[in-house]
file input-v7.cif (mmCIF, C-alpha atoms)
data_structure
loop_
_atom_site.label_atom_id
_atom_site.label_comp_id
_atom_site.auth_asym_id
_atom_site.auth_seq_id
_atom_site.Cartn_x
_atom_site.Cartn_y
_atom_site.Cartn_z
CA MET A 1 -18.57 51.56 -5.27
CA ASP A 2 -19.79 49.44 -2.36
CA LYS A 3 -23.55 48.98 -2.48
CA LYS A 4 -24.47 49.08 1.18
CA PRO A 5 -27.91 47.77 2.05
CA ILE A 6 -30.89 49.98 2.78
CA LEU A 7 -32.65 49.32 6.07
CA TYR A 8 -36.40 49.87 5.82
CA ALA A 9 -38.56 49.95 8.95
CA GLU A 10 -42.16 49.30 8.00
CA ASP A 11 -44.90 47.42 9.82
CA ASP A 12 -47.48 47.37 7.00
CA LYS A 13 -47.08 44.27 4.80
CA ASP A 14 -48.76 45.96 1.82
CA ASP A 15 -46.30 48.88 2.00
CA VAL A 16 -43.42 46.39 2.17
CA TYR A 17 -44.73 44.57 -0.92
CA PHE A 18 -45.01 47.79 -2.92
CA MET A 19 -41.58 48.96 -1.75
CA GLU A 20 -39.92 45.70 -2.81
CA ARG A 21 -41.62 45.87 -6.20
CA ALA A 22 -40.72 49.54 -6.68
CA PHE A 23 -37.07 48.81 -5.72
CA LYS A 24 -36.83 46.46 -8.68
CA GLU A 25 -38.64 48.85 -11.03
CA ALA A 26 -36.38 51.74 -9.99
CA GLY A 27 -33.25 49.67 -10.62
CA LEU A 28 -31.83 49.86 -7.11
CA ALA A 29 -28.98 47.41 -6.79
CA ASN A 30 -28.76 47.86 -3.02
CA GLU A 31 -30.20 45.07 -0.91
CA LEU A 32 -33.42 46.09 0.84
CA ILE A 33 -33.51 44.83 4.40
CA VAL A 34 -37.00 45.10 5.88
CA VAL A 35 -37.66 45.04 9.60
CA PRO A 36 -41.14 45.42 11.10
CA GLY A 37 -40.48 47.95 13.83
CA GLY A 38 -38.27 50.17 15.89
CA GLN A 39 -36.82 47.55 18.23
CA HIS A 40 -35.74 45.53 15.18
CA VAL A 41 -33.96 48.61 13.81
CA LYS A 42 -32.13 49.05 17.12
CA ASP A 43 -31.16 45.38 17.16
CA TYR A 44 -30.00 45.53 13.55
CA LEU A 45 -27.89 48.67 14.04
CA THR A 46 -26.32 47.39 17.26
CA GLY A 47 -25.81 43.86 15.95
CA LYS A 48 -27.94 42.15 18.60
CA GLY A 49 -30.07 39.03 18.46
CA LYS A 50 -30.33 37.51 15.02
CA PHE A 51 -28.34 40.43 13.53
CA THR A 52 -24.96 39.59 15.11
CA ASP A 53 -23.43 38.26 11.89
CA ARG A 54 -22.10 41.45 10.24
CA GLU A 55 -21.19 39.62 7.06
CA GLN A 56 -24.83 38.68 6.57
CA TYR A 57 -26.31 41.83 8.16
CA ARG A 58 -24.02 44.58 6.93
CA MET A 59 -24.39 48.12 8.19
CA PRO A 60 -26.79 50.10 6.02
CA GLY A 61 -25.86 53.06 3.90
CA LEU A 62 -29.34 54.53 4.35
CA VAL A 63 -32.25 54.03 6.74
CA LEU A 64 -35.87 54.53 5.67
CA LEU A 65 -38.20 55.00 8.62
CA ASP A 66 -41.95 54.96 8.74
CA LEU A 67 -43.16 57.72 11.05
CA LYS A 68 -45.88 55.79 12.85
CA MET A 69 -44.99 52.28 13.95
CA PRO A 70 -46.18 50.26 16.91
CA GLY A 71 -43.94 50.31 19.95
CA ILE A 72 -41.13 52.71 19.14
CA SER A 73 -42.25 55.46 16.77
CA GLY A 74 -40.12 56.59 13.86
CA LEU A 75 -39.40 59.87 15.64
CA GLU A 76 -38.27 58.12 18.83
CA LEU A 77 -36.12 55.82 16.76
CA LEU A 78 -34.60 58.72 14.83
CA LYS A 79 -33.72 60.45 18.10
CA TRP A 80 -32.10 57.22 19.34
CA ILE A 81 -30.08 56.79 16.11
CA ARG A 82 -28.74 60.34 16.33
CA ALA A 83 -27.62 59.70 19.94
CA GLN A 84 -25.58 56.58 19.05
CA PRO A 85 -22.02 57.54 17.98
CA ALA A 86 -21.51 54.33 15.97
CA VAL A 87 -24.53 54.97 13.71
CA SER A 88 -25.40 58.65 14.20
CA THR A 89 -24.14 59.73 10.78
CA ILE A 90 -26.05 57.17 8.72
CA PRO A 91 -28.49 59.11 6.51
CA VAL A 92 -32.06 58.67 7.72
CA VAL A 93 -35.00 59.40 5.44
CA MET A 94 -38.46 59.52 6.95
CA PHE A 95 -40.99 57.89 4.65
CA SER A 96 -44.51 58.60 5.78
CA SER A 97 -48.06 59.13 4.59
CA SER A 98 -48.39 62.06 7.00
CA ASN A 99 -48.09 65.50 5.47
CA GLN A 100 -48.83 67.27 8.75
CA GLU A 101 -46.45 70.16 9.28
CA SER A 102 -45.93 69.15 12.91
CA ASP A 103 -44.74 65.66 11.86
CA ILE A 104 -42.43 67.07 9.19
CA HIS A 105 -41.03 69.67 11.59
CA SER A 106 -40.49 67.07 14.33
CA ALA A 107 -38.66 64.75 11.93
CA TYR A 108 -36.22 67.46 10.85
CA ALA A 109 -35.82 68.68 14.44
CA GLN A 110 -34.81 65.13 15.47
CA GLY A 111 -32.19 64.97 12.71
CA ALA A 112 -33.88 63.49 9.65
CA ASN A 113 -31.89 64.00 6.47
CA ALA A 114 -35.07 64.08 4.39
CA TYR A 115 -38.81 63.58 4.65
CA LEU A 116 -40.61 61.86 1.80
CA LEU A 117 -44.35 61.41 1.46
CA LYS A 118 -45.60 57.96 0.56
CA PRO A 119 -47.45 58.36 -2.71
CA ALA A 120 -51.15 57.56 -2.88
CA ARG A 121 -50.53 55.50 -6.04
CA ALA A 122 -48.10 52.58 -6.05
CA ASP A 123 -46.80 53.41 -9.53
CA LYS A 124 -45.46 56.74 -8.24
CA LEU A 125 -43.28 54.95 -5.69
CA SER A 126 -40.81 53.85 -8.39
CA ASP A 127 -40.36 57.50 -9.41
CA ILE A 128 -39.61 58.51 -5.83
CA LEU A 129 -37.12 55.67 -5.46
CA ARG A 130 -35.34 56.62 -8.69
CA ARG A 131 -34.86 60.11 -7.28
CA LEU A 132 -33.76 58.72 -3.94
CA LYS A 133 -31.24 56.51 -5.75
CA ASP A 134 -29.97 59.41 -7.87
CA PHE A 135 -29.33 61.66 -4.90
CA TRP A 136 -28.68 59.53 -1.81
CA LEU A 137 -26.98 56.56 -3.46
CA GLU A 138 -25.19 58.13 -6.43
CA CYS A 139 -24.64 61.88 -5.91
CA ASN A 140 -24.40 62.16 -2.14
CA GLN A 141 -21.00 61.62 -0.53
CA PRO A 142 -21.73 59.36 2.45
CA PRO A 143 -20.13 60.07 5.82
CA PRO A 144 -17.02 58.10 6.69
CA ASP A 145 -17.35 55.30 9.20
CA PRO A 146 -16.96 56.74 12.72
CA GLU A 147 -13.88 55.76 14.71
CA GLY A 148 -14.34 52.47 16.47
CA PHE A 149 -17.00 51.45 13.97
CA ALA A 150 -16.52 47.96 12.59
CA ARG A 151 -15.30 48.50 9.08
CA GLU A 152 -16.58 46.30 6.30
#
call {"tool": "encode", "arguments": {"input": "input-v7.cif", "output": "structure tokens"}}
result
Amino acid sequence: MDKKPILYAEDDKDDVYFMERAFKEAGLANELIVVPGGQHVKDYLTGKGKFTDREQYRMPGLVLLDLKMPGISGLELLKWIRAQPAVSTIPVVMFSSSNQESDIHSAYAQGANAYLLKPARADKLSDILRRLKDFWLECNQPPPDPEGFARE
């Protein structure tokens, strides 16, 4: 099975460090591609700027979005992703420290496939990623590439 990369939008360097460490601990073989904000996600998904080389910057099989980022928020970005035919079916998981019902509701209303709470303790992150791997990367049947989408 093709191990597509996971695109992770996160502006907090500490969160990125813990995510990279937890990826290894959870045994995820997928490459983790970290971008610091919403515009970078747009550029990555549309192949603009430094992301034009699709052999180096392959389309992700899953997008992890932080809810609150500078510039374009995770919710705005999610809405944009769902409006783009070429990437609209990529699974998007919101990954936030907010447990406010309004944030969770808004994420699902904009088309999030799941909403995960960032754990307060870093050691719990590996557990969450193991579960994410089990469901989204091993059990879930991903959508086929949309027509006109550059196949890998």
call {"tool": "axis_aligned_box", "arguments": {"input": "input-v7.cif", "around": "range 42-58 of chain A", "padding_each_side": "3 Å", "output": "lines of an AutoDock Vina configuration file"}}
result
center_x = -26.7
center_y = 43.3
center_z = 12.6
size_x = 16.9
size_y = 17.5
size_z = 18.0
call {"tool": "residues_around", "arguments": {"input": "input-v7.cif", "residues": "Glu76 in chain A", "least_positions_apart": "3", "cutoff": "10 Å", "atoms": "all atoms listed in the file", "output": "list of chain:residue names"}}
result
A:Gly38, A:Leu67, A:Lys68, A:Gly71, A:Ile72, A:Ser73, A:Lys79, A:Trp80, A:Ile81, A:Ala107, A:Gln110
call {"tool": "residues_around", "arguments": {"input": "input-v7.cif", "residues": "Val41 in chain A", "least_positions_apart": "2", "cutoff": "10 Å", "atoms": "all atoms listed in the file", "output": "PyMOL selection string"}}
result
chain A and resi 7-9+34-39+43-47+51+63+65+72+77+81
call {"tool": "atom_distance", "arguments": {"input": "input-v7.cif", "atom1": "CA of Pro85 in chain A", "atom2": "CA of Pro5 in chain A"}}
result
19.6 Å
call {"tool": "closest_residue", "arguments": {"input": "input-v7.cif", "among": "A:Pro60, A:Pro91, A:Pro144, A:Gly111", "to": "Leu132 in chain A", "atoms": "only C-alpha atoms"}}
result
A:Pro91
call {"tool": "atom_distance", "arguments": {"input": "input-v7.cif", "atom1": "CA of Pro119 in chain A", "atom2": "CA of Lys24 in chain A"}}
result
17.0 Å
call {"tool": "atom_distance", "arguments": {"input": "input-v7.cif", "atom1": "CA of Met69 in chain A", "atom2": "CA of Pro143 in chain A"}}
result
27.3 Å
call {"tool": "resolve_selection", "arguments": {"input": "input-v7.cif", "expression": "the PyMOL selection byres ((chain A and resi 99) around 12)", "output": "list in words"}}
result
Leu67, Met94, Phe95, Ser96, Ser97, Ser98, Gln100, Glu101, Ser102, Asp103, Ile104, His105, Ser106, Ala107, Tyr115, Leu116, Leu117, Lys118, Pro119 and Ala120 of chain A
call {"tool": "resolve_selection", "arguments": {"input": "input-v7.cif", "expression": "the PyMOL selection byres ((chain A and resi 4) around 10)", "output": "PDB file with C-alpha atoms, keeping the file's coordinate frame"}}
result
ATOM      1  CA  MET A   1     -18.570  51.560  -5.270  1.00  0.00           C
ATOM      2  CA  ASP A   2     -19.790  49.440  -2.360  1.00  0.00           C
ATOM      3  CA  LYS A   3     -23.550  48.980  -2.480  1.00  0.00           C
ATOM      4  CA  PRO A   5     -27.910  47.770   2.050  1.00  0.00           C
ATOM      5  CA  ILE A   6     -30.890  49.980   2.780  1.00  0.00           C
ATOM      6  CA  LEU A   7     -32.650  49.320   6.070  1.00  0.00           C
ATOM      7  CA  ALA A  29     -28.980  47.410  -6.790  1.00  0.00           C
ATOM      8  CA  ASN A  30     -28.760  47.860  -3.020  1.00  0.00           C
ATOM      9  CA  GLU A  31     -30.200  45.070  -0.910  1.00  0.00           C
ATOM     10  CA  LEU A  32     -33.420  46.090   0.840  1.00  0.00           C
ATOM     11  CA  ARG A  58     -24.020  44.580   6.930  1.00  0.00           C
ATOM     12  CA  MET A  59     -24.390  48.120   8.190  1.00  0.00           C
ATOM     13  CA  PRO A  60     -26.790  50.100   6.020  1.00  0.00           C
ATOM     14  CA  GLY A  61     -25.860  53.060   3.900  1.00  0.00           C
ATOM     15  CA  LEU A  62     -29.340  54.530   4.350  1.00  0.00           C
ATOM     16  CA  LEU A 137     -26.980  56.560  -3.460  1.00  0.00           C
ATOM     17  CA  GLU A 152     -16.580  46.300   6.300  1.00  0.00           C
TER      18      GLU A 152
END
call {"tool": "closest_residue", "arguments": {"input": "input-v7.cif", "among": "A:Leu28, A:Glu138, A:Asp11, A:Lys42", "to": "Ala86 in chain A", "atoms": "all atoms listed in the file"}}
result
A:Lys42
